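Structure record follows, encoded as structure tokens.
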Amino acid sequence: MTEVLVSGLTKRYGSKLALHGLDLQIAPGEFVTLLGPSGCGKTTTLRCLAGLERPTTGTITMGGRAVVDTERGVFVPADKRKVGMVFQSYALWPHMSVSENVAYPLKVARLGSQDRQQRVHEMLDAVGLAGYEKRQVTALSGGQQQRVALARALAARPGIIFYDEPLSNLDSKLRYQLGQQVRSLHDQFETTSVYVTHDQEEAITLSDRIVVMNEGEIMQDGSPAELFDRPNSAYVADFMGFQNILPGEVVGVDNGIADVKIDETSLVVSGTTTTRATLGDRVNVAFRAAHIRVHADATSDPGRFEGIVERTTYLGNATNLLIRADGLPLRVRLETSDLRIDEMPAVGDRLGFSVNPARAVVIDVIQREEPQSDEFLTTKTSALVAPR
Amino acid sequence: MALTVIFVYPVLMIVIGAFRDGLPSQKMPFTMEGLVQAVTSEDTWTTLSNSIILVLVCGTIATVGGGFFAWIAASTNVPGRRLLTPLMVINLFVPPLFNTFGWLMLGNQQNGLLNQFARTLGIEGSIMNIQSWGGLCLLMSLGYMPFAYLLMLGAFKNRDQSLDEAAQISGAGTLRTFFTITVPSIGPAISGAAILIMVLVFQAFDAPQLIGRQAGIYVFSTQIYHYIRDETPGKYTAGFALSLVLIVLVILLFLLQRWMLRGRNFTTLTGKTSRREPQELGPVRWVFSIVIVLFMVLNFLLPLFAMVLGSLQPIFGVMSTGLTLDNYVRVLTDPQLSSSLTLTAWMSILGGLLSMCAALVTSYVVLRRRGFIKSYTSLAVWIPWALPGIVLALAYLFAVLSIPATRGLYGTATLMILVLVVGTIPLSSRIAEGALAQLSPELEEAGRTSGANALRVLVTIVLRLVVPSFLAGWFLSMLFISGNLAIPMLLAPPGLQPVSQTAFQMFLVGDMSGGAALFMVILIAAAAVAVLSGLSMYFANRIQRRAGKAPTGVSSLTHIAS
Ligand SMILES: Nc1ncnc2c1ncn2[C@@H]1O[C@H](COP(=O)(O)OP(=O)(O)OP(=O)(O)O)[C@@H](O)[C@H]1O
Ligand SMILES: [Mg+2]
């Protein structure tokens, strides 16, 4: 169980800045996931932490020991950091058998051959590969190779383990199974884990904490529930699967709930705000397709609006609708179990809709006083609202 | 059928020849005596042990050196590493005979340039004698290093660097990682290269003939030649017997490689492999840079310098007479020498073309056909691999003589060219395979489905894609043919000798300057062709820079190695 403190971490490749001053704290025993789209710098961060890459500036402290301090010229290479790592390509050594692969870190650590044997057994047992000791690693399936890689990373009992998209080459069922295994090994061996993925579902199910990154910066850092329910920016909301993100202006505030008039429509959507939004602020309001309720009649109650169904997609246990409300396209998801059989909306239907204000979030608040950033916001958000 | 005549039949001749006495034209009974004599003769055993020493020493040094350079080029930050591949490719272009001549001029005991240089520094006697065990090993190890390099470069480049990183994460330092992970993980590529290099050393003729013989070192190829040409009457049976032993040993080596790789499949495992920055080496990288420069000097610049200087000196090794172009004038005007040049030019242009055509056809068959035709063709084409030039020449000699109808071919340039073509097949078919491998059947099928008929597909798609590699292969085959010594030594018609042999004889009688000039003419011509084609390729690429990289000559060259 190693504690990690990162501050001001940057990494430059030629003229390109891959990391822009990252600050990160990882508590002992925590399972932290770095989440973000391809090229956002997840691997670079992980490799800086592991010691495979030399950061351009910044400090990293690991278990109380400074392993990187660019100002003082400190750099501890990977082989002196006592860490474990699972590579995306597995990186199993093809000239060694399964047990030789797992035993290698132990051999390097000068463990006696008796203890080594025992540890290898124990590890292979833990990943469910007992009896595969003598196999060549090239004669294993993808999932088995992955588990050997896991066993090898855990074998020397490092205080911290890094995972770089370890499951992305596997099919979805195996991915789930092995993901669970990774988590239970983390709990069983009480290590700290830093896990990289671009799959939000994987991140949510495995982690204690998720760090969402974009272009070398941390966008948000919080528990899976926080990120899933309360993203703090349009970027994170989009990444966490919020299908509707709309720009607008605050026209009413009441007890943590802000009413937002959506630009270029007469629609007013209410959402929860954590930052203190005031009247006239420019904001985005984000909600999931499932946060919209459908009503048979289109009364003009506050919060309700009328929409015409443009497209329906039947998914079995749910139905996705694309509706147009006052010229604005919105995505709606209806659980089949909530509908009566004869109640299925059809294309062309005119129905009433409302957004659950407790679920919708008001984000990217920009105070009224700054007109120039106003402009910035509209361009940014209109890009997000553009047909997706 | 043609395959049988050209490839298989001559081998049978060797086998038959080993069990008979005298020339095939003479009616002699079958006998075991030749073989028995070979086995009991002390010469055979000396030859064998000499060959084995040479193969082990040179094979090891060339492989280790080539692998070392390949590692530097593929995964380190050593300054100058980008020079390595062009350097090695150029080295591959230069016929080994050229380097051998060059080193002979540098390091022979009486008037070698290095020894002369040492004397001007006041050192008594000579600092080196290239015509010795040490010289032979040095020359041959250096000579095969470029090939070893190219054989292993791909493996070093394609290997997943995270294998090393995983070791580092496990706590292993740079050295330990290199020896326990990096090297073993490409074991098959290394052992494959080592065996191939050993086969080539086994078969080498030029250096042992020019350098080893003076030191009394006979290896298989030179001993065979010795039996046939230096003894009167020629000891043909002994020659065949030795040839047979040589072939068996070569085949054993190939089998050994097969056996070593049995059941081990090291193809890179799944997953997107990470290509990261080259491995950071400390100050030791400057040492490695010096090693690169040293290699370049030893294997390229020094021999080239010696050849150029020698060709400009009226009398080799005599500085006082200044430098003139007299030798070149002599080479180009002397009727015998210039006819030798003309012959070589025609021989290599024609032979290279034939060889590439044959290689393309056979490779196409191997690639696209199935069943017996495929396996028979690939076996037949493989045969020249196992036969060194001298044995090949001997086999053909025997083959044409044993059939009355073809006896007229004996002593003609046609036969010599034919054998040179066959001898070049291993090289040209590697290039042809590379060219065709880039050509997936889907490409042809796409052409067919878009309405083109078979001929049109062949012309507009297959040939269009294959042409660059074809030209490169043709060029390389030309160089190979013009630099080949072993085959003309046995088969050249009287009075019609190619440059390699003429130069060899001029060296023997001490006219080193003339020999050097003769060889330089060939090399200058080849370099001119290379530069011209390089330029045209460059401009062609500039003109039509297409999205997908068209196969270029150089890429097909590096394929020889993969
Ligand atoms: N060796 C390198 N040289 C130059 N640029 C690099 C290098 N490695 C990474 N980069 C750049 O740094 C940025 C971050 O790369 P990184 O590999 O960390 O992304 P990632 O988040 O892991 O992406 P993915 O999900 O595709 O693995 C990218 O824009 C990439 O192009
Ligand atoms: Mg990555």
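By order in the structure tokens, chains are A, B, ...; within a chain, residues start at 1; ligands start at 1, following the order shown.
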
**OP:** Enumerate as a VMD selection string the residues belonging to chain A that approach chain B to within 9 Å, with only C-alpha atoms taken into account.
**Re:** chain A and resid 50 to 53 77 to 96 104 to 106 108 to 109 136 138 to 139 142 152 to 153 156 168 to 169

Saved selection, atoms kept: N, CA, C and O atoms, as a short mmCIF file (atom, residue, chain, number, x, y, z; two decimals), in the first residue's frame:
data_model
loop_
_atom_site.label_atom_id
_atom_site.label_comp_id
_atom_site.auth_asym_id
_atom_site.auth_seq_id
_atom_site.Cartn_x
_atom_site.Cartn_y
_atom_site.Cartn_z
N ALA A 50 5.35 5.16 -13.20
CA ALA A 50 6.07 3.89 -13.11
C ALA A 50 7.57 4.07 -13.25
O ALA A 50 8.33 3.18 -12.90
N GLY A 51 7.99 5.21 -13.81
CA GLY A 51 9.42 5.43 -13.98
C GLY A 51 9.92 5.02 -15.35
O GLY A 51 11.13 4.93 -15.57
N LEU A 52 9.01 4.76 -16.27
CA LEU A 52 9.42 4.39 -17.62
C LEU A 52 9.62 5.61 -18.49
O LEU A 52 10.16 5.53 -19.58
N GLU A 53 9.14 6.73 -18.01
CA GLU A 53 9.26 7.96 -18.79
C GLU A 53 9.78 9.03 -17.83
O GLU A 53 9.46 9.03 -16.66
N PRO A 77 14.77 5.32 -11.53
CA PRO A 77 14.26 4.54 -12.67
C PRO A 77 13.32 3.42 -12.23
O PRO A 77 13.26 3.07 -11.04
N ALA A 78 12.60 2.89 -13.17
CA ALA A 78 11.54 1.91 -12.88
C ALA A 78 12.04 0.74 -12.04
O ALA A 78 11.33 0.27 -11.14
N ASP A 79 13.25 0.27 -12.33
CA ASP A 79 13.70 -0.94 -11.64
C ASP A 79 14.01 -0.69 -10.16
O ASP A 79 14.25 -1.64 -9.41
N LYS A 80 14.04 0.58 -9.75
CA LYS A 80 14.31 0.86 -8.34
C LYS A 80 13.06 1.35 -7.61
O LYS A 80 13.14 1.84 -6.51
N ARG A 81 11.88 1.25 -8.25
CA ARG A 81 10.71 1.84 -7.62
C ARG A 81 9.82 0.83 -6.91
O ARG A 81 8.87 1.20 -6.23
N LYS A 82 10.09 -0.46 -7.11
CA LYS A 82 9.27 -1.50 -6.48
C LYS A 82 7.79 -1.33 -6.81
O LYS A 82 6.94 -1.17 -5.93
N VAL A 83 7.51 -1.32 -8.11
CA VAL A 83 6.13 -1.21 -8.56
C VAL A 83 5.82 -2.40 -9.44
O VAL A 83 6.70 -3.18 -9.80
N GLY A 84 4.54 -2.56 -9.75
CA GLY A 84 4.14 -3.60 -10.69
C GLY A 84 3.38 -2.95 -11.83
O GLY A 84 2.85 -1.86 -11.67
N MET A 85 3.39 -3.62 -12.97
CA MET A 85 2.66 -3.03 -14.08
C MET A 85 2.09 -4.11 -14.99
O MET A 85 2.74 -5.12 -15.24
N VAL A 86 0.86 -3.88 -15.46
CA VAL A 86 0.25 -4.77 -16.44
C VAL A 86 0.11 -3.97 -17.72
O VAL A 86 -0.50 -2.91 -17.73
N PHE A 87 0.74 -4.49 -18.77
CA PHE A 87 0.78 -3.74 -20.03
C PHE A 87 -0.39 -4.10 -20.91
O PHE A 87 -0.93 -5.21 -20.85
N GLN A 88 -0.74 -3.15 -21.76
CA GLN A 88 -1.83 -3.40 -22.69
C GLN A 88 -1.51 -4.55 -23.62
O GLN A 88 -2.36 -5.35 -23.96
N SER A 89 -0.22 -4.64 -24.02
CA SER A 89 0.15 -5.73 -24.92
C SER A 89 0.57 -6.97 -24.13
O SER A 89 1.15 -7.88 -24.68
N TYR A 90 0.28 -6.98 -22.83
CA TYR A 90 0.64 -8.06 -21.90
C TYR A 90 2.14 -8.10 -21.62
O TYR A 90 2.54 -8.28 -20.49
N ALA A 91 2.95 -7.97 -22.72
CA ALA A 91 4.40 -7.98 -22.55
C ALA A 91 4.89 -9.23 -21.82
O ALA A 91 5.79 -9.15 -20.98
N LEU A 92 4.29 -10.36 -22.12
CA LEU A 92 4.82 -11.61 -21.55
C LEU A 92 6.05 -11.99 -22.35
O LEU A 92 6.10 -11.78 -23.56
N TRP A 93 7.03 -12.56 -21.68
CA TRP A 93 8.26 -12.91 -22.37
C TRP A 93 8.08 -14.23 -23.10
O TRP A 93 7.86 -15.27 -22.46
N PRO A 94 8.18 -14.19 -24.42
CA PRO A 94 7.80 -15.39 -25.20
C PRO A 94 8.78 -16.55 -25.03
O PRO A 94 8.44 -17.67 -25.35
N HIS A 95 9.98 -16.26 -24.53
CA HIS A 95 10.94 -17.35 -24.41
C HIS A 95 10.87 -18.02 -23.05
O HIS A 95 11.71 -18.84 -22.73
N MET A 96 9.88 -17.65 -22.25
CA MET A 96 9.77 -18.26 -20.93
C MET A 96 8.40 -18.92 -20.77
O MET A 96 7.43 -18.50 -21.39
N TYR A 104 10.08 -14.37 -12.56
CA TYR A 104 11.18 -13.44 -12.88
C TYR A 104 11.35 -12.30 -11.88
O TYR A 104 12.45 -12.08 -11.38
N PRO A 105 10.27 -11.58 -11.54
CA PRO A 105 10.44 -10.49 -10.57
C PRO A 105 10.97 -11.01 -9.23
O PRO A 105 11.72 -10.31 -8.54
N LEU A 106 10.59 -12.23 -8.87
CA LEU A 106 11.04 -12.80 -7.60
C LEU A 106 12.52 -13.14 -7.65
O LEU A 106 13.26 -12.96 -6.68
N VAL A 108 14.70 -11.65 -9.57
CA VAL A 108 15.42 -10.39 -9.52
C VAL A 108 15.50 -9.89 -8.09
O VAL A 108 16.51 -9.35 -7.65
N ALA A 109 14.44 -10.15 -7.33
CA ALA A 109 14.42 -9.71 -5.92
C ALA A 109 15.16 -10.67 -5.01
O ALA A 109 15.13 -10.54 -3.79
N GLN A 136 4.09 -22.86 -22.40
CA GLN A 136 4.69 -21.67 -23.02
C GLN A 136 3.62 -20.59 -23.05
O GLN A 136 2.45 -20.88 -23.32
N THR A 138 3.12 -18.47 -25.21
CA THR A 138 2.55 -18.28 -26.55
C THR A 138 1.42 -19.25 -26.81
O THR A 138 0.66 -19.07 -27.75
N ALA A 139 1.32 -20.29 -25.97
CA ALA A 139 0.27 -21.27 -26.18
C ALA A 139 -0.92 -21.04 -25.26
O ALA A 139 -1.56 -21.97 -24.81
N GLY A 142 -5.94 -15.28 -25.07
CA GLY A 142 -5.77 -13.89 -24.66
C GLY A 142 -6.07 -13.67 -23.19
O GLY A 142 -5.31 -13.03 -22.47
N ARG A 152 2.14 -11.94 -12.69
CA ARG A 152 3.52 -11.47 -12.69
C ARG A 152 3.64 -10.12 -12.01
O ARG A 152 4.56 -9.86 -11.24
N ALA A 153 2.67 -9.23 -12.31
CA ALA A 153 2.73 -7.90 -11.73
C ALA A 153 2.58 -7.95 -10.21
O ALA A 153 3.18 -7.17 -9.48
N ALA A 156 5.77 -9.97 -6.89
CA ALA A 156 6.77 -9.47 -5.94
C ALA A 156 6.11 -8.62 -4.85
O ALA A 156 6.84 -7.97 -4.09
N SER A 168 -8.39 -4.19 -22.75
CA SER A 168 -9.00 -3.69 -23.98
C SER A 168 -8.90 -4.65 -25.15
O SER A 168 -9.57 -4.46 -26.15
N ASN A 169 -8.07 -5.69 -25.03
CA ASN A 169 -8.00 -6.64 -26.14
C ASN A 169 -8.94 -7.83 -25.96
O ASN A 169 -8.87 -8.77 -26.73
#

Subject >> Cut-off 6 Å, only C-alpha atoms and all ligand atoms, neighbours of ligand 1 as a ChimeraX atom specification >> reply: /A:13,18,37-44 /B:276-277

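Of the listed residues (B:Val199, B:Leu256, B:Met356, B:Ile14), B:Ile14 comes nearest to Leu397 (chain B); the distances count only C-alpha atoms.
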
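With only C-alpha atoms and all ligand atoms as the basis for measurement, A:Val196 is the residue among A:Ile262, A:Val196, A:Ala155, A:Leu321 that approaches ligand 2 most closely.
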
Original post:
What lies within 12 Å of Thr2 (chain A) using only C-alpha atoms, ignoring chain neighbours under 2 positions off, as JSON, numbers by chain?
Top reply: {"A": [4, 5, 25, 26, 27, 28, 29, 30, 31, 61, 62, 63, 64, 65, 81, 82, 83, 84, 157, 158, 159, 160, 161, 162, 190, 191, 192, 193, 194]}

Original post:
What is the distance, in Å and to one decimal place, between CA of Arg47 (chain A) and CA of Asp164 (chain A)?
Top reply: 9.0 Å

Subject >> Pairwise distance for CA of Val361 (chain A) and CA of Met344 (chain A), rounded to one decimal in Å >> reply: 28.2 Å

Original post:
Which residue gives the smallest distance to Val253 (chain A) among A:Ala277, A:Val76, A:Leu140, A:Ala360, with only C-alpha atoms counted?
Top reply: A:Ala277

**OP:** Name the residues of region 292-331 of chain A that come out as strand (DSSP E) in a backbone DSSP run; write them as a count of residues only.
**Re:** 27

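CA of Leu34 (chain A) is found 8.9 Å from CA of Arg209 (chain A).
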
Give me, as a compact mmCIF listing (two decimals) with all heavy atoms, in the first residue's frame, all polymer residues having an atom no more than 9 Å from Ala151 (chain A), counting only C-alpha atoms and skipping those fewer than 4 positions away in the same chain.
# COMPACT_ATOMS: atom_id res chain seq x y z
N VAL A 102 6.24 -15.56 -14.24
CA VAL A 102 5.79 -15.07 -12.93
C VAL A 102 6.96 -15.02 -11.95
O VAL A 102 7.02 -14.14 -11.08
CB VAL A 102 4.65 -15.96 -12.39
CG1 VAL A 102 4.20 -15.49 -11.03
CG2 VAL A 102 3.48 -15.95 -13.36
N VAL A 120 4.94 -18.51 -6.74
CA VAL A 120 4.42 -18.66 -8.10
C VAL A 120 3.12 -19.46 -8.07
O VAL A 120 2.12 -19.10 -8.69
CB VAL A 120 5.46 -19.34 -9.02
CG1 VAL A 120 4.83 -19.75 -10.33
CG2 VAL A 120 6.63 -18.43 -9.25
N MET A 123 0.33 -17.36 -6.67
CA MET A 123 -0.16 -16.34 -7.60
C MET A 123 -0.99 -16.96 -8.70
O MET A 123 -2.04 -16.44 -9.06
CB MET A 123 1.01 -15.57 -8.23
CG MET A 123 1.80 -14.68 -7.31
SD MET A 123 0.78 -13.74 -6.17
CE MET A 123 -0.28 -12.90 -7.30
N LEU A 124 -0.49 -18.08 -9.25
CA LEU A 124 -1.24 -18.70 -10.34
C LEU A 124 -2.58 -19.21 -9.83
O LEU A 124 -3.58 -19.18 -10.54
CB LEU A 124 -0.42 -19.82 -10.97
CG LEU A 124 0.76 -19.32 -11.82
CD1 LEU A 124 1.56 -20.47 -12.37
CD2 LEU A 124 0.28 -18.42 -12.95
N ALA A 126 -4.25 -17.76 -7.46
CA ALA A 126 -5.08 -16.58 -7.26
C ALA A 126 -5.73 -16.12 -8.57
O ALA A 126 -6.84 -15.60 -8.56
CB ALA A 126 -4.27 -15.45 -6.66
N VAL A 127 -5.02 -16.29 -9.69
CA VAL A 127 -5.62 -15.85 -10.95
C VAL A 127 -6.31 -17.01 -11.68
O VAL A 127 -6.73 -16.86 -12.82
CB VAL A 127 -4.58 -15.20 -11.90
CG1 VAL A 127 -4.00 -13.96 -11.28
CG2 VAL A 127 -3.49 -16.20 -12.26
N GLN A 146 -3.49 -12.62 -20.19
CA GLN A 146 -3.77 -11.47 -19.37
C GLN A 146 -3.62 -11.81 -17.89
O GLN A 146 -3.07 -11.05 -17.10
CB GLN A 146 -5.19 -11.00 -19.66
CG GLN A 146 -5.54 -9.72 -19.02
CD GLN A 146 -4.56 -8.65 -19.40
OE1 GLN A 146 -4.49 -8.23 -20.53
NE2 GLN A 146 -3.75 -8.22 -18.45
N ARG A 147 -4.08 -12.99 -17.54
CA ARG A 147 -4.00 -13.38 -16.13
C ARG A 147 -2.58 -13.69 -15.70
O ARG A 147 -2.20 -13.42 -14.57
CB ARG A 147 -4.92 -14.58 -15.86
CG ARG A 147 -6.36 -14.11 -15.75
CD ARG A 147 -7.29 -15.21 -15.43
NE ARG A 147 -7.67 -15.91 -16.65
CZ ARG A 147 -8.45 -16.99 -16.66
NH1 ARG A 147 -8.87 -17.50 -15.53
NH2 ARG A 147 -8.76 -17.56 -17.80
N ALA A 155 3.32 -10.60 -8.28
CA ALA A 155 4.14 -11.64 -7.64
C ALA A 155 5.08 -11.07 -6.57
O ALA A 155 5.18 -11.63 -5.48
CB ALA A 155 4.94 -12.39 -8.69

Subject >> Polymer residues at most 8 Å from Arg293 (chain A), only C-alpha atoms, same-chain spacing of 5 or more positions, as a VMD selection string >> reply: chain A and resid 334 353 to 356

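The residue that comes closest to ligand 2, out of A:Ser337, A:Thr45, A:Ser207, A:Ser270 and on the basis of only C-alpha atoms and all ligand atoms, is A:Thr45.
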
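Among the candidates A:Gly73, A:Gly303, A:Pro166, A:Gly131, the one nearest to ligand 2 when counting only C-alpha atoms and all ligand atoms is A:Pro166.
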
Original post:
Which one of A:Gly112, A:His198, A:Lys173, A:Leu178 sits closest to ligand 2 if you count only C-alpha atoms and all ligand atoms?
Top reply: A:His198

**OP:** Please identify all polymer residues within 7 Å of Cys58 (chain B), counting only C-alpha atoms, omitting same-chain residues fewer than 4 positions from it, and present them as JSON, numbers by chain.
**Re:** {"B": [54, 62, 137, 140, 141]}

**OP:** Write out as a ChimeraX atom specification each polymer residue whose atoms come within 10 Å of Met240 (chain A), counting only C-alpha atoms; drop sequence neighbours fewer than 6 positions from it.
**Re:** /A:199-201,204,212,227-231,234,288
